[in-house]
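Shown next: final.txt, given as compact mmCIF, N, CA, C and O atoms.
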# COMPACT_ATOMS: atom_id res chain seq x y z
N ASN Z 1 -7.65 -9.12 -28.49
CA ASN Z 1 -7.38 -7.69 -28.57
C ASN Z 1 -8.17 -6.98 -27.47
O ASN Z 1 -9.35 -6.66 -27.64
N TRP Z 2 -7.50 -6.75 -26.33
CA TRP Z 2 -8.17 -6.13 -25.18
C TRP Z 2 -8.66 -4.73 -25.48
O TRP Z 2 -9.72 -4.32 -25.02
N GLY Z 3 -7.88 -3.96 -26.23
CA GLY Z 3 -8.30 -2.59 -26.54
C GLY Z 3 -9.63 -2.57 -27.26
O GLY Z 3 -10.53 -1.80 -26.92
N ALA Z 4 -9.78 -3.43 -28.25
CA ALA Z 4 -11.03 -3.51 -29.01
C ALA Z 4 -12.17 -4.01 -28.12
O ALA Z 4 -13.30 -3.51 -28.22
N ALA Z 5 -11.88 -4.98 -27.27
CA ALA Z 5 -12.91 -5.52 -26.37
C ALA Z 5 -13.41 -4.44 -25.41
O ALA Z 5 -14.61 -4.30 -25.18
N LEU Z 6 -12.48 -3.66 -24.85
CA LEU Z 6 -12.89 -2.60 -23.92
C LEU Z 6 -13.66 -1.50 -24.64
O LEU Z 6 -14.63 -0.96 -24.11
N SER Z 7 -13.27 -1.20 -25.86
CA SER Z 7 -14.01 -0.22 -26.66
C SER Z 7 -15.43 -0.71 -26.94
O SER Z 7 -16.39 0.05 -26.90
N GLU Z 8 -15.56 -2.00 -27.23
CA GLU Z 8 -16.88 -2.59 -27.48
C GLU Z 8 -17.76 -2.52 -26.23
O GLU Z 8 -18.94 -2.19 -26.31
N ILE Z 9 -17.19 -2.82 -25.09
CA ILE Z 9 -17.94 -2.73 -23.83
C ILE Z 9 -18.42 -1.30 -23.61
O ILE Z 9 -19.58 -1.06 -23.29
N SER Z 10 -17.54 -0.35 -23.83
CA SER Z 10 -17.92 1.07 -23.67
C SER Z 10 -19.01 1.47 -24.66
O SER Z 10 -19.91 2.24 -24.32
N SER Z 11 -18.93 0.95 -25.87
CA SER Z 11 -19.93 1.31 -26.89
C SER Z 11 -21.31 0.77 -26.55
O SER Z 11 -22.31 1.23 -27.11
N GLN Z 12 -21.38 -0.18 -25.63
CA GLN Z 12 -22.66 -0.75 -25.20
C GLN Z 12 -23.20 -0.03 -23.96
O GLN Z 12 -24.05 -0.58 -23.26
N ALA Z 13 -22.71 1.15 -23.69
CA ALA Z 13 -23.18 2.03 -22.60
C ALA Z 13 -22.81 1.52 -21.21
O ALA Z 13 -23.49 1.84 -20.24
N PHE Z 14 -21.74 0.74 -21.11
CA PHE Z 14 -21.21 0.36 -19.81
C PHE Z 14 -20.20 1.41 -19.37
O PHE Z 14 -19.52 2.01 -20.21
N SER Z 15 -20.11 1.64 -18.08
CA SER Z 15 -19.08 2.50 -17.51
C SER Z 15 -17.95 1.61 -17.03
O SER Z 15 -18.15 0.75 -16.16
N LEU Z 16 -16.77 1.79 -17.59
CA LEU Z 16 -15.61 0.98 -17.21
C LEU Z 16 -14.97 1.55 -15.95
O LEU Z 16 -14.60 2.72 -15.91
N LEU Z 17 -14.84 0.72 -14.94
CA LEU Z 17 -14.24 1.11 -13.67
C LEU Z 17 -12.98 0.27 -13.46
O LEU Z 17 -13.07 -0.96 -13.35
N ALA Z 18 -11.82 0.90 -13.46
CA ALA Z 18 -10.57 0.20 -13.19
C ALA Z 18 -10.37 0.12 -11.69
O ALA Z 18 -10.34 1.14 -11.00
N LEU Z 19 -10.27 -1.08 -11.17
CA LEU Z 19 -10.07 -1.28 -9.73
C LEU Z 19 -8.57 -1.24 -9.45
O LEU Z 19 -7.83 -2.14 -9.82
N THR Z 20 -8.14 -0.13 -8.85
CA THR Z 20 -6.72 0.09 -8.60
C THR Z 20 -6.50 0.94 -7.36
O THR Z 20 -7.24 1.90 -7.14
N PRO Z 21 -5.51 0.61 -6.54
CA PRO Z 21 -5.21 1.45 -5.38
C PRO Z 21 -4.32 2.62 -5.74
O PRO Z 21 -3.95 3.40 -4.89
N GLY Z 22 -3.99 2.76 -7.01
CA GLY Z 22 -3.03 3.77 -7.45
C GLY Z 22 -3.51 5.20 -7.30
O GLY Z 22 -4.67 5.48 -6.97
N PRO Z 23 -2.60 6.13 -7.59
CA PRO Z 23 -2.91 7.56 -7.50
C PRO Z 23 -4.08 7.94 -8.41
O PRO Z 23 -4.22 7.40 -9.50
N GLY Z 24 -4.89 8.84 -7.91
CA GLY Z 24 -6.02 9.32 -8.70
C GLY Z 24 -7.26 8.46 -8.62
O GLY Z 24 -8.27 8.77 -9.25
N SER Z 25 -7.20 7.38 -7.84
CA SER Z 25 -8.40 6.55 -7.70
C SER Z 25 -9.26 7.07 -6.56
O SER Z 25 -8.77 7.67 -5.62
N MET Z 26 -10.57 6.86 -6.69
CA MET Z 26 -11.49 7.29 -5.65
C MET Z 26 -12.02 6.06 -4.91
O MET Z 26 -12.09 4.98 -5.46
N ASP Z 27 -12.38 6.26 -3.65
CA ASP Z 27 -12.94 5.17 -2.84
C ASP Z 27 -14.25 4.72 -3.48
O ASP Z 27 -15.13 5.54 -3.73
N ILE Z 28 -14.37 3.44 -3.73
CA ILE Z 28 -15.58 2.91 -4.35
C ILE Z 28 -16.82 3.18 -3.48
O ILE Z 28 -17.93 3.29 -4.00
N ALA Z 29 -16.64 3.34 -2.18
CA ALA Z 29 -17.75 3.65 -1.29
C ALA Z 29 -18.33 5.04 -1.56
O ALA Z 29 -19.47 5.31 -1.22
N ASN Z 30 -17.54 5.92 -2.19
CA ASN Z 30 -18.00 7.28 -2.48
C ASN Z 30 -18.50 7.44 -3.91
O ASN Z 30 -18.84 8.55 -4.32
N LEU Z 31 -18.53 6.37 -4.65
CA LEU Z 31 -18.95 6.41 -6.05
C LEU Z 31 -20.45 6.64 -6.16
O LEU Z 31 -21.23 5.99 -5.46
N ALA Z 32 -20.84 7.56 -7.01
CA ALA Z 32 -22.27 7.78 -7.26
C ALA Z 32 -22.83 6.56 -8.00
O ALA Z 32 -22.08 5.86 -8.69
N PRO Z 33 -24.13 6.28 -7.85
CA PRO Z 33 -24.71 5.13 -8.54
C PRO Z 33 -24.45 5.16 -10.05
O PRO Z 33 -24.47 6.22 -10.67
N ILE Z 34 -24.18 3.99 -10.59
CA ILE Z 34 -23.92 3.83 -12.03
C ILE Z 34 -24.88 2.77 -12.55
O ILE Z 34 -25.00 1.69 -11.96
N ASP Z 35 -25.55 3.07 -13.66
CA ASP Z 35 -26.53 2.12 -14.22
C ASP Z 35 -25.90 0.84 -14.74
O ASP Z 35 -26.39 -0.24 -14.50
N ARG Z 36 -24.80 0.95 -15.48
CA ARG Z 36 -24.21 -0.23 -16.12
C ARG Z 36 -22.70 -0.27 -15.88
O ARG Z 36 -21.92 -0.01 -16.78
N PRO Z 37 -22.28 -0.63 -14.66
CA PRO Z 37 -20.84 -0.68 -14.39
C PRO Z 37 -20.20 -1.96 -14.92
O PRO Z 37 -20.84 -3.01 -14.97
N ALA Z 38 -18.97 -1.85 -15.31
CA ALA Z 38 -18.13 -3.01 -15.67
C ALA Z 38 -16.80 -2.78 -14.98
O ALA Z 38 -16.20 -1.72 -15.15
N ILE Z 39 -16.36 -3.75 -14.20
CA ILE Z 39 -15.10 -3.55 -13.47
C ILE Z 39 -13.95 -4.24 -14.20
O ILE Z 39 -14.11 -5.29 -14.80
N LEU Z 40 -12.82 -3.58 -14.15
CA LEU Z 40 -11.58 -4.11 -14.70
C LEU Z 40 -10.69 -4.46 -13.52
O LEU Z 40 -10.42 -3.61 -12.67
N VAL Z 41 -10.27 -5.71 -13.45
CA VAL Z 41 -9.34 -6.14 -12.40
C VAL Z 41 -8.09 -6.68 -13.08
O VAL Z 41 -8.13 -7.16 -14.20
N GLY Z 42 -6.98 -6.56 -12.39
CA GLY Z 42 -5.72 -7.02 -12.95
C GLY Z 42 -5.12 -8.13 -12.12
O GLY Z 42 -5.71 -8.61 -11.16
N THR Z 43 -3.92 -8.49 -12.50
CA THR Z 43 -3.21 -9.53 -11.76
C THR Z 43 -2.83 -9.00 -10.38
O THR Z 43 -2.77 -7.80 -10.16
N GLU Z 44 -2.56 -9.91 -9.48
CA GLU Z 44 -2.24 -9.51 -8.12
C GLU Z 44 -0.92 -8.75 -8.02
O GLU Z 44 -0.74 -7.95 -7.14
N GLY Z 45 -0.02 -8.98 -8.93
CA GLY Z 45 1.25 -8.27 -8.89
C GLY Z 45 1.20 -6.94 -9.62
O GLY Z 45 1.39 -5.88 -9.04
N ALA Z 46 0.92 -7.00 -10.89
CA ALA Z 46 0.98 -5.80 -11.74
C ALA Z 46 -0.29 -4.96 -11.70
O ALA Z 46 -0.26 -3.77 -11.99
N GLY Z 47 -1.42 -5.56 -11.38
CA GLY Z 47 -2.68 -4.82 -11.36
C GLY Z 47 -3.23 -4.61 -12.76
O GLY Z 47 -2.85 -5.28 -13.70
N VAL Z 48 -4.14 -3.65 -12.89
CA VAL Z 48 -4.74 -3.32 -14.18
C VAL Z 48 -3.66 -2.63 -15.02
O VAL Z 48 -2.98 -1.73 -14.54
N SER Z 49 -3.54 -3.03 -16.27
CA SER Z 49 -2.50 -2.45 -17.13
C SER Z 49 -2.75 -0.97 -17.38
O SER Z 49 -3.89 -0.49 -17.27
N ASP Z 50 -1.70 -0.25 -17.72
CA ASP Z 50 -1.82 1.18 -18.04
C ASP Z 50 -2.76 1.38 -19.23
O ASP Z 50 -3.54 2.33 -19.26
N GLN Z 51 -2.71 0.48 -20.21
CA GLN Z 51 -3.56 0.60 -21.39
C GLN Z 51 -5.04 0.44 -21.02
O GLN Z 51 -5.89 1.17 -21.50
N ALA Z 52 -5.34 -0.53 -20.16
CA ALA Z 52 -6.72 -0.73 -19.73
C ALA Z 52 -7.19 0.42 -18.85
O ALA Z 52 -8.31 0.90 -18.99
N THR Z 53 -6.33 0.88 -17.96
CA THR Z 53 -6.69 2.01 -17.09
C THR Z 53 -6.99 3.25 -17.91
O THR Z 53 -7.91 4.00 -17.60
N ALA Z 54 -6.25 3.45 -18.99
CA ALA Z 54 -6.48 4.61 -19.86
C ALA Z 54 -7.85 4.56 -20.52
O ALA Z 54 -8.43 5.60 -20.83
N LYS Z 55 -8.39 3.37 -20.73
CA LYS Z 55 -9.72 3.23 -21.34
C LYS Z 55 -10.85 3.33 -20.32
O LYS Z 55 -12.01 3.45 -20.70
N ALA Z 56 -10.51 3.27 -19.04
CA ALA Z 56 -11.53 3.29 -17.99
C ALA Z 56 -12.15 4.67 -17.84
O ALA Z 56 -11.50 5.69 -18.05
N ASP Z 57 -13.42 4.68 -17.48
CA ASP Z 57 -14.12 5.94 -17.20
C ASP Z 57 -13.71 6.50 -15.84
O ASP Z 57 -13.66 7.71 -15.66
N LYS Z 58 -13.46 5.60 -14.89
CA LYS Z 58 -13.05 6.01 -13.54
C LYS Z 58 -12.09 4.98 -12.99
O LYS Z 58 -12.14 3.80 -13.33
N LYS Z 59 -11.22 5.46 -12.10
CA LYS Z 59 -10.35 4.57 -11.33
C LYS Z 59 -10.89 4.55 -9.91
O LYS Z 59 -11.11 5.60 -9.31
N VAL Z 60 -11.15 3.35 -9.39
CA VAL Z 60 -11.72 3.21 -8.05
C VAL Z 60 -10.87 2.26 -7.22
O VAL Z 60 -10.17 1.41 -7.74
N ARG Z 61 -10.95 2.45 -5.90
CA ARG Z 61 -10.19 1.60 -4.98
C ARG Z 61 -11.08 1.21 -3.81
O ARG Z 61 -12.12 1.82 -3.56
N ILE Z 62 -10.65 0.19 -3.11
CA ILE Z 62 -11.30 -0.26 -1.89
C ILE Z 62 -10.42 0.19 -0.74
O ILE Z 62 -9.24 -0.17 -0.68
N SER Z 63 -10.95 0.99 0.15
CA SER Z 63 -10.18 1.45 1.30
C SER Z 63 -9.88 0.28 2.23
O SER Z 63 -10.73 -0.59 2.44
N MET Z 64 -8.66 0.28 2.75
CA MET Z 64 -8.24 -0.78 3.66
C MET Z 64 -7.62 -0.16 4.90
O MET Z 64 -7.18 0.99 4.88
N VAL Z 65 -7.57 -0.93 5.96
CA VAL Z 65 -6.97 -0.45 7.19
C VAL Z 65 -5.46 -0.29 6.98
O VAL Z 65 -4.86 -0.97 6.15
N PRO Z 66 -4.84 0.62 7.75
CA PRO Z 66 -3.39 0.79 7.63
C PRO Z 66 -2.65 -0.53 7.84
O PRO Z 66 -3.04 -1.34 8.68
N GLY Z 67 -1.61 -0.75 7.05
CA GLY Z 67 -0.82 -1.96 7.16
C GLY Z 67 -1.21 -3.04 6.17
O GLY Z 67 -0.47 -3.98 5.94
N VAL Z 68 -2.40 -2.92 5.58
CA VAL Z 68 -2.83 -3.87 4.55
C VAL Z 68 -2.60 -3.19 3.21
O VAL Z 68 -3.16 -2.13 2.94
N ASP Z 69 -1.75 -3.80 2.37
CA ASP Z 69 -1.41 -3.12 1.12
C ASP Z 69 -2.18 -3.64 -0.08
O ASP Z 69 -2.23 -2.98 -1.12
N SER Z 70 -2.80 -4.83 0.02
CA SER Z 70 -3.55 -5.33 -1.13
C SER Z 70 -4.51 -6.43 -0.69
O SER Z 70 -4.42 -6.96 0.42
N LEU Z 71 -5.41 -6.75 -1.62
CA LEU Z 71 -6.36 -7.84 -1.41
C LEU Z 71 -6.16 -8.85 -2.54
O LEU Z 71 -5.73 -8.49 -3.63
N ASN Z 72 -6.51 -10.09 -2.29
CA ASN Z 72 -6.55 -11.08 -3.35
C ASN Z 72 -7.50 -10.57 -4.43
O ASN Z 72 -8.55 -9.99 -4.12
N VAL Z 73 -7.17 -10.78 -5.70
CA VAL Z 73 -7.96 -10.20 -6.78
C VAL Z 73 -9.41 -10.70 -6.77
O VAL Z 73 -10.33 -9.93 -7.05
N SER Z 74 -9.64 -11.95 -6.40
CA SER Z 74 -11.02 -12.45 -6.36
C SER Z 74 -11.80 -11.82 -5.20
O SER Z 74 -12.99 -11.51 -5.35
N VAL Z 75 -11.13 -11.58 -4.09
CA VAL Z 75 -11.78 -10.92 -2.96
C VAL Z 75 -12.09 -9.46 -3.33
O VAL Z 75 -13.20 -8.97 -3.06
N ALA Z 76 -11.15 -8.78 -3.96
CA ALA Z 76 -11.37 -7.40 -4.37
C ALA Z 76 -12.53 -7.30 -5.35
O ALA Z 76 -13.38 -6.41 -5.24
N ALA Z 77 -12.58 -8.21 -6.32
CA ALA Z 77 -13.68 -8.20 -7.29
C ALA Z 77 -15.02 -8.44 -6.59
O ALA Z 77 -16.01 -7.76 -6.90
N ALA Z 78 -15.05 -9.37 -5.63
CA ALA Z 78 -16.29 -9.64 -4.90
C ALA Z 78 -16.75 -8.43 -4.10
O ALA Z 78 -17.94 -8.09 -4.10
N ILE Z 79 -15.83 -7.76 -3.44
CA ILE Z 79 -16.18 -6.55 -2.67
C ILE Z 79 -16.72 -5.48 -3.61
O ILE Z 79 -17.74 -4.84 -3.33
N ALA Z 80 -16.03 -5.27 -4.73
CA ALA Z 80 -16.47 -4.25 -5.69
C ALA Z 80 -17.85 -4.58 -6.25
O ALA Z 80 -18.72 -3.70 -6.34
N LEU Z 81 -18.08 -5.83 -6.62
CA LEU Z 81 -19.39 -6.22 -7.16
C LEU Z 81 -20.48 -6.05 -6.11
O LEU Z 81 -21.59 -5.61 -6.42
N HIS Z 82 -20.17 -6.39 -4.87
CA HIS Z 82 -21.15 -6.20 -3.79
C HIS Z 82 -21.50 -4.73 -3.65
O HIS Z 82 -22.67 -4.35 -3.56
N ARG Z 83 -20.49 -3.88 -3.63
CA ARG Z 83 -20.71 -2.43 -3.50
C ARG Z 83 -21.53 -1.90 -4.67
O ARG Z 83 -22.49 -1.15 -4.48
N LEU Z 84 -21.19 -2.30 -5.87
CA LEU Z 84 -21.91 -1.82 -7.04
C LEU Z 84 -23.34 -2.36 -7.09
O LEU Z 84 -24.25 -1.66 -7.54
N GLY Z 85 -23.53 -3.56 -6.58
CA GLY Z 85 -24.87 -4.15 -6.56
C GLY Z 85 -25.78 -3.58 -5.50
O GLY Z 85 -27.00 -3.71 -5.57
N SER Z 86 -25.21 -2.90 -4.50
CA SER Z 86 -26.03 -2.33 -3.43
C SER Z 86 -26.29 -0.84 -3.62
O SER Z 86 -26.77 -0.19 -2.72
N MET Z 87 -25.95 -0.33 -4.78
CA MET Z 87 -26.17 1.11 -5.04
C MET Z 87 -27.63 1.39 -5.29
O MET Z 87 -28.34 0.65 -5.85

Output the structure of this file as structure tokens.
Amino acid sequence: NWGAALSEISSQAFSLLALTPGPGSMDIANLAPIDRPAILVGTEGAGVSDQATAKADKKVRISMVPGVDSLNVSVAAAIALHRLGSM
């Protein structure tokens, strides 16, 4: 039950960050420091589900050069973790 799991993570004072290039997301490079981030990543095709995104505290994206439309999910997670770890 993903909904319950995400609620449990939030109840433990983690900030849920949905990693998505979709509308309304902010560049992860511009994110203010967060004490306890937890990132949500989705499949390479569909991305983070609408239900999971709705539970997220923020939607964040990794800026890419023009012409690049996506990153491998493991690469995106590594970039996001690096950024969050260097705050």

Sel. within 8 Å of pt (-17.9, 2.3, 0.4), counting only C-alpha atoms, output as a JSON list (two decimals) with N, CA, C and O atoms, in the frame of the given file:
[["chain", "number", "residue", "atom", "x", "y", "z"],
["Z", 27, "ASP", "N", -12.38, 6.26, -3.65],
["Z", 27, "ASP", "CA", -12.94, 5.17, -2.84],
["Z", 27, "ASP", "C", -14.25, 4.72, -3.48],
["Z", 27, "ASP", "O", -15.13, 5.54, -3.73],
["Z", 28, "ILE", "N", -14.37, 3.44, -3.73],
["Z", 28, "ILE", "CA", -15.58, 2.91, -4.35],
["Z", 28, "ILE", "C", -16.82, 3.18, -3.48],
["Z", 28, "ILE", "O", -17.93, 3.29, -4.00],
["Z", 29, "ALA", "N", -16.64, 3.34, -2.18],
["Z", 29, "ALA", "CA", -17.75, 3.65, -1.29],
["Z", 29, "ALA", "C", -18.33, 5.04, -1.56],
["Z", 29, "ALA", "O", -19.47, 5.31, -1.22],
["Z", 30, "ASN", "N", -17.54, 5.92, -2.19],
["Z", 30, "ASN", "CA", -18.00, 7.28, -2.48],
["Z", 30, "ASN", "C", -18.50, 7.44, -3.91],
["Z", 30, "ASN", "O", -18.84, 8.55, -4.32],
["Z", 31, "LEU", "N", -18.53, 6.37, -4.65],
["Z", 31, "LEU", "CA", -18.95, 6.41, -6.05],
["Z", 31, "LEU", "C", -20.45, 6.64, -6.16],
["Z", 31, "LEU", "O", -21.23, 5.99, -5.46],
["Z", 62, "ILE", "N", -10.65, 0.19, -3.11],
["Z", 62, "ILE", "CA", -11.30, -0.26, -1.89],
["Z", 62, "ILE", "C", -10.42, 0.19, -0.74],
["Z", 62, "ILE", "O", -9.24, -0.17, -0.68],
["Z", 63, "SER", "N", -10.95, 0.99, 0.15],
["Z", 63, "SER", "CA", -10.18, 1.45, 1.30],
["Z", 63, "SER", "C", -9.88, 0.28, 2.23],
["Z", 63, "SER", "O", -10.73, -0.59, 2.44],
["Z", 83, "ARG", "N", -20.49, -3.88, -3.63],
["Z", 83, "ARG", "CA", -20.71, -2.43, -3.50],
["Z", 83, "ARG", "C", -21.53, -1.90, -4.67],
["Z", 83, "ARG", "O", -22.49, -1.15, -4.48]]

Select, counting only C-alpha atoms, all protein, DNA and RNA residues no farther than 10 Å from (-10.0, 2.4, -22.9) in file coordinates, and express the selection as a count of residues only.
19

Give the alpha helix (DSSP H) residues of chain Z, as assigned by DSSP on the backbone, as a list in words.
Trp2, Gly3, Ala4, Ala5, Leu6, Ser7, Glu8, Ile9, Ser10, Ser11, Asp50, Gln51, Ala52, Thr53, Ala54, Lys55, Val73, Ser74, Val75, Ala76, Ala77, Ala78, Ile79, Ala80, Leu81, His82, Arg83, Leu84 and Gly85 of chain Z

Straight-line distance linking atom O of Z:Asp69 with atom C of Z:Val41, stated in Å to one decimal:
13.8 Å

Where does DSSP see strand (DSSP E or B) in chain Z, if you list the residues as number ranges by chain?
Z: 15-19, 26-27, 37-40, 43, 47, 58-61

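The two atoms in question, atom N of Z:Leu19 and atom O of Z:Gly47, are spaced 8.9 Å apart.
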
Have a look at Z:Lys58, Z:Leu81, Z:Gly45, Z:Pro33 and name the one nearest to Z:Ser15; count all atoms listed in the file.
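Among Z:Lys58, Z:Leu81, Z:Gly45, Z:Pro33, it is Z:Lys58 that comes nearest to Z:Ser15.
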
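The residue that comes closest to Z:Gly42, out of Z:Ser86, Z:Ser25, Z:Gln12, Z:Ser74 and on the basis of all atoms listed in the file, is Z:Ser74.
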
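Using all atoms listed in the file for every distance, the candidate list Z:Val73, Z:Ala38, Z:Ala13, Z:Ala80 yields Z:Ala80 as the residue closest to Z:Arg61.
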
Quick one, how far is atom O of Z:Phe14 from atom O of Z:Met87?
16.9 Å

Go through Z:Leu84, Z:Ile79, Z:Glu44, Z:Ile34 one by one, measure the shortest atom-to-atom distance of each to Z:Met64 using only C-alpha atoms, and give the residue with the smallest value.
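When distances to Z:Met64 are compared using only C-alpha atoms, the smallest one comes from Z:Ile79.
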